[in-house]
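Undergrad: Pasting a structure below so you can have a look.
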Amino acid sequence: MTLDAPGRVVLMQGNEAIARGAVESGIHFAASYPGSPSSQILGMLGKVAKERDFYAQWATNEVCAFQACLGTSFAGARSICIVKQNGLLCIADALFCAAQHGIKGGVVVVTSDDPSAHSSTNEFDSRHMALSASVPMLEPTNMQEAKDMVPYAFEISERTKQVVIIRLTTRVCHGRGSVSLGKLPDRPRKLEAVDEWDRMVCVSFRHQIMLDTLEQVRSLFEESPCNHYSGPAHPEKLIVAGGTGCLYTKEALHLLGDPKDVGLLQLGCIWPLPEKLILSKLRTAKAVLAVEEVDPFLEDALMNLAGREHLDLRFYGRREGTINRVNELDPDHVLPAVSAFTGLPMPARQKTSDAPLLDRDLNFCAGCPHRATFFVLKQAMRREKMPGIVVGDIGCYFMAGSEPGQYGWQVNNCMGSGINVAEGLGQLSAYGMDQPVVTMCGDSTFFHTVLPGLCNASYHNSNMTLIVLDNSATAMTGFQPHPGTGLTAMGDEVKPMSIRAICEAMNCTVEEADPFEIEETTDLLTELMHRPGLKVLIMKQPCATLMAKSRKEKVTVWVDQDKCLGDACGCDRFCSRVWGCPGNSWDFKAGKATIDPVSCVGCGVCAKLCPQGAIQVKKEARS
Amino acid sequence: MLSTFALDTQVLQKDLCTSCGACQGMCPYWSSWNGRTVWLFDCDRENGRCQAFCPRMPFDEEALRAKFFDPSQADPDIGPCRGLYLVRSADPSDREGAQHGGTVTALLKLALSEGLIDAAVLNRMEGEDPAGFLATSEADILACRGSSFRIAPTLAVLNRALKEDEYKKIAVVGTACKTLATYKMRSKPFPDRDNNADNIALVIGLFCGWGLDWDGLKALAAKYVPLEDIAHMDIPPSKYHSLVIRRRDGAEVSVDLDEVTPLVRPACKACADMTAEFADISVGSGRSADGWDVDKGWNELIVRSEKGEKLLQLAREKGALEFKELPEGALAKLKRAAAGKRSKAAR
C-alpha cells in the first residue's frame with residue numbers, strides 16, 4: 001500500500017487499488033461507513049493514514065462521512081468518501097446540494113454497486129445518481145484502471161470544482177489483478193487559510209452553473225484516457241461496454257474467434273457521456289449491443305443520442321432482452337449475447353463435471369448471539385394470544401427473516417427503518433391493533449440511523465419494543481469500529497458511547513439481557529413487551545467471532561451419545577434441525593446428535609436446550 | 001400432516017384446547033404460558049404423541065372405554081358406574097382448605113401410605129396461578145387442596161415424571177380433559193414410545209362444568225378481591241347464581257354468575273363430559289336435602305373401575321372416609337346435570 005516503487009507491478013485487489021490510488025493522490029481526508037463490497041477500502045487507508053500523514057475515519061454513517069469531506073474541501077483539502085450503493089442513496093440530498101454549490105479541494109466519492117445483491121438487499125445502479133445529481137462519474141474495468149482513476153478523478157474534480165463519483169461493482173472490488181504502481185507524493189500539500197469571503201453554498205441560481213460544469217466535464221471526457229476503442233474505424237456492429245462488461249465482452253469476442261468487423265467501445269467515462277466519441281462510431285453502425293452491470297443505462301442513453309441524431313439502427317442489451325435484465329453479468333450470459341449479436345456460432349464448451357453443487361443456505365455463524373436472540377423472540381411471541389408484529393432491519397440479523405432466525409421478522413425496509421416502521425405500528429392501539437410490536441437494530445445501525453427514529457418514537461410514546469443486538473461490532477462488514485466500541489479507524493482509543501445511557505436520556509425504558517440465558521431473557525422480553533410506551537432491550541453478547549478470539553478459557557462442547565436418544569427422543573433432532581447452529585450436526589452412523597468441534601465456538605446454548613441433557617460443556621483454562 | 005400443525009389447526013385455532021398439558025413435557029415444541037398452550041417451533045413428525053394424547057383430537061371413544069371399563073356398567077349420562085356415594089374425609093384437617101369434603105386428599109393420603117401410589121400429579125398455586133405439581137408426600141398432597149377454577153397444564157408434569165421414570169406408581173387427579181388424555185396415554189398408541197405409561201397407577205377424575213380464562217379471572221378478581229387474598233372459590237347450586245369468593249380473613253364476596261360465564265373458556269363449552277368418565281374414581285360436590293351449607297362439606301363419588309372399588313373399600317376399612325346415605329333421586333339429579341352439559345356441548 002505504501003511501497004514507493006513507481007512502475008513496479010504488484011497483484012492488488014480492486015478495493016486495495018482504490019486505496020492505493022487515494023494514497024497516490026495525496027489525500028488529506030478519507031471517510032466511510034462500511035458496506036460490502038467496498039468495506040475494505042477505508043480499513044486499508046486507516047492502517048496507513050498515520051504513515052502517509054492523512055486523516056481517516058469510520059464515520060457514524062455515510063452522510064457524516066460525505067459532509068465531512070465537503071468540509072475539508074472548503075479548506076482546499078483533497079478528500080475521498082467511500083460508500084456502497086445504499087450509502088450513496090443515503091447521501092443523495094447532500095450530493096445534489098454539493099453538485100450545485102460545487103467544491104474547492106477535490107472530492108471523490110467511491111461507490112460500489114452489488115449486482116445480484118450478493119451482500120445487499122437490493123440491486124441498484126449508482127449511475128442513475130450521477131445522471132440525476134449532474135455530477136461526473138467514472139467506472140473502471142480492472143484493477144489498474146481502478147487505481148489510475150482516483151488521481152484522474154481528483155484532477156477532474158479540482159479543474160471543474162465538482163464532486164466526481166467512481167462507480168465500482170462487486171467483481172472489480174473483490175477481484176485481483178496486476179497494478180503498475182505510481183509515484184507517491186512526498187506528503188499531502190499544505191493547506192492555505194480559508195478566506196473570510198470564501199463561499200460554498202447551495203443556492204438556486206447555481207443550477208445553470210452546475211449544468212455548464214457538466215458540459216465542461218463532457219468536453220474533458222471526449223479526450224479522456226479512460227475510454228478505449230478497438231475494431232474497424234467505421235463499424236457496422238458496435239459493442240458499447242462499461243465496467244466488468246468490457247472484460248466479459250473481450251473474453252466472448254476472443255472465444256468467437258476475434259471477429260474483425262465488430263467494434264468495441266469501452267467507456268470509462270460514464271457520465272456525462274463523451275457524445276462526440278460515441279457518435280463517431282455510432283453513425284456508421286447498424287446494430288449496437290450494450291454490455292453493462294445492473295440497468296440498461298448506456299443502452300438507454302445511446303438510444304436517446306441516436307434518436308436525437310436521427311440514426312437508423314437497432315439496439316441490443318438488457319432493455320431489449322438479449323442480456324438478462326436482472327442479476328450480474330458473467331461470461332455465461334455475455335457469450336451467448338455476443339454470439340447472437342455477431343451471428344457467430346457458440347464455441348463448443350467442455351463440461352468439467354456433472355456433480356451437483358451442494359445447496360447451502362445463509363446461516364448465522366456457530367455461536368452467534370443473534371440465533372439465541374431470535375429463538376428467544378420466537379418463544380416470547382408465541383406466548384401471545386395473537387403473536388406480535390416483528391419489524392426487521394439491516395445487519396447480519398437480516399438472515400433472521402428466514403430459517404436461521406425462526407422466520408423472526410415480517411417487515412424489512414432499509415437500514416435504520418425498523419424503529420420508524422415499528423413506531424407507526426405502535427400508534428395504532430386506538431384502532432384495535434393491540435399486538436405487541438418489536439423491532440431490532442445492531443449496535444452499529446443504532447448509531448448509523450436509528451437515533452433520530454428512537455427520538456421520534458420516544459417523544460411520541462409509541463407502544464413498541466426495540467431490541468438492540470449489541471454484539472460490540474459492525475460484524476457483517478468485518479468488525480469496523482463504531483462509536484460504541486472505543487476505537488477509531490486509525491487505531492486510536494477514545495471514550496466509547498453507552499447505548500443504554502443514550503436510550504435513558506431519550507426517556508426510554510431500558511433493560512439489558514444476555515440472549516444466551518434463554519429462559520430468563522424470554523421471560524424478560526415477554527414482560528417488557530407488555531409495559532406501556534417505548535422499551536429498549538439491549539442484548540449483550542459479543543459477536544461469536546470476537547468471543548472465540550478473546551475468551552480466556554478453552555470450552556469444549558460435545559454430545560454424550562449414551563444420553564442422546566437419537567430419533568427415539570421426542571425432540572426431533574432439535575439441536576441440529578431447529579436450533580440450527582452449524583456446530584450442531586447429526587451423526588448418521590450412530591443415529592445420534594453430534595457436535596462439529598471445528599465449527600463449535602463453545603457458547604454452550606445448545607446444552608441448555610437439549611431435553612435429555614445429552615450435550616456436555618467443559619471449561620478449562622487456556623494453557 | 002405434521003402433528004404440530006394438526007394440533008394447531010384442529011385444536012388451538014378452533015379454540016378447543018383446554019391447556020391440559022398432555023402435549024407438553026415430552027419435547028421442546030410445546031409449552032404453556034398463562035393458561036394457554038404455546039406451539040413454539042415446527043416439529044417434523046406426523047405421528048407425534050402430542051397429537052395422540054390430546055383429548056380434543058378425534059379418537060374411538062367406545063374402543064378406549066372397552067379397553068379399560070366393563071361395558072355392562074356404562075351409564076349413558078355419567079359413564080362407567082359401579083356405585084355412587086356421598087363421602088367426606090374422616091380427618092377434619094383435610095377438609096380445611098379442601099374444595100368440599102376433602103375426599104380426594106383423603107384417598108391420595110391413603111393410597112400413598114398403603115403403597116398403592118408413590119407420587120401424585122396435582123395442581124397447586126404458584127404465585128397467582130395454578131401449576132402442575134408432582135406430590136410425593138402427605139404434606140405435598142395437602143398443599144394441593146382446593147380448586148382454582150382454571151385449567152393448568154398439569155399433564156406436562158405427568159409427562160416429565162413418566163419420562164424420568166423415577167416414580168413407578170403415579171396417581172393423576174384432574175378434570176375430564178386431563179383424565180381422558182391420561183387414558184389415551186395408558187392405551188399406548190405408540191407401544192415403542194409409551195413414555196412409561198404403565199407407571200400411571202391411579203386416575204381420579206374431578207367433576208367439572210368449565211374452567212375460566214386466566215386473564216379474565218384475574219381481571220374479575222382484581223375487581224372484588226386481590227388474587228393473593230383469595231382463600232377459596234366455589235359455585236354453589238344454580239339457584240344462587242353466583243361465584244362465592246372467600247378471602248383469607250374468612251369474609252365472603254358473592255359475584256353474580258353473569259359476570260363469570262363470559263370468562264368460560266370456549267374449549268370448555270365444547271366439552272360433553274361433566275363427571276370425568278375416564279377415571280378409576282370421579283369426585284364432585286355433594287348434593288342432598290340438607291341444603292348447601294351442609295352439602296358443601298361433602299362429595300359425591302362415582303366408582304368406575306375395579307381398582308377404584310378396591311380403593312374405596314380400603315378407605316372404608318381404614319376409616320379414611322366418612323359415608324353418608326345418598327338421598328333419594330341423587331343419581332337421577334346427577335344424570336340430569338351431566339346430560340345437560342352433554343346437550344349444551346352438542347350445540
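Here, A, B, ... name the chains of the C-alpha cells in the order displayed, residue numbers run from 1 inside each chain, and ligands are numbered from 1 in the same displayed order.
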Assign secondary structure with DSSP using the backbone only, and return the residues of stretch 32-253 of chain A in strand (DSSP E or B) as a PyMOL selection string.
TA: chain A and resi 32+55-58+79-84+107-113+137-138+164-169+176-180+228-230+237-241
Undergrad: Up to 7 Å from chain B, what residues of chain A turn up? Count only C-alpha atoms and give them as a PyMOL selection string.
TA: chain A and resi 379+382-383+570-572+611
Undergrad: Select, from B:Ile170, B:Ala161, B:Ala120, B:Ala6, the residue with the minimum atom-to-atom distance to B:Gln24, counting only C-alpha atoms.
TA: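 Nearest to B:Gln24: B:Ala161.
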Undergrad: Name the residues in contact with A:Ser180 at a cut-off of 6 Å, using only C-alpha atoms, excluding same-chain residues fewer than 4 positions from it; report them as JSON, numbers by chain.
TA: {"A": [7, 8, 9]}
Undergrad: Residues near A:Phe398, anyone? I mean within 12 Å using only C-alpha atoms, not counting same-chain ones fewer than 3 positions away, as a PyMOL selection string.
TA: chain A and resi 119-121+362-364+370-371+374+391-395+401-415+418+439-442+469+476
Undergrad: Env of A:Phe54: 8 Å cut, atoms = only C-alpha atoms, seq-sep filter 5 positions within chain, self excluded. Answer as a list in words.
TA: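 Result of the neighbour search: Ile27, His28, Phe29, Ala30, Ala49 and Pro188 of chain A.
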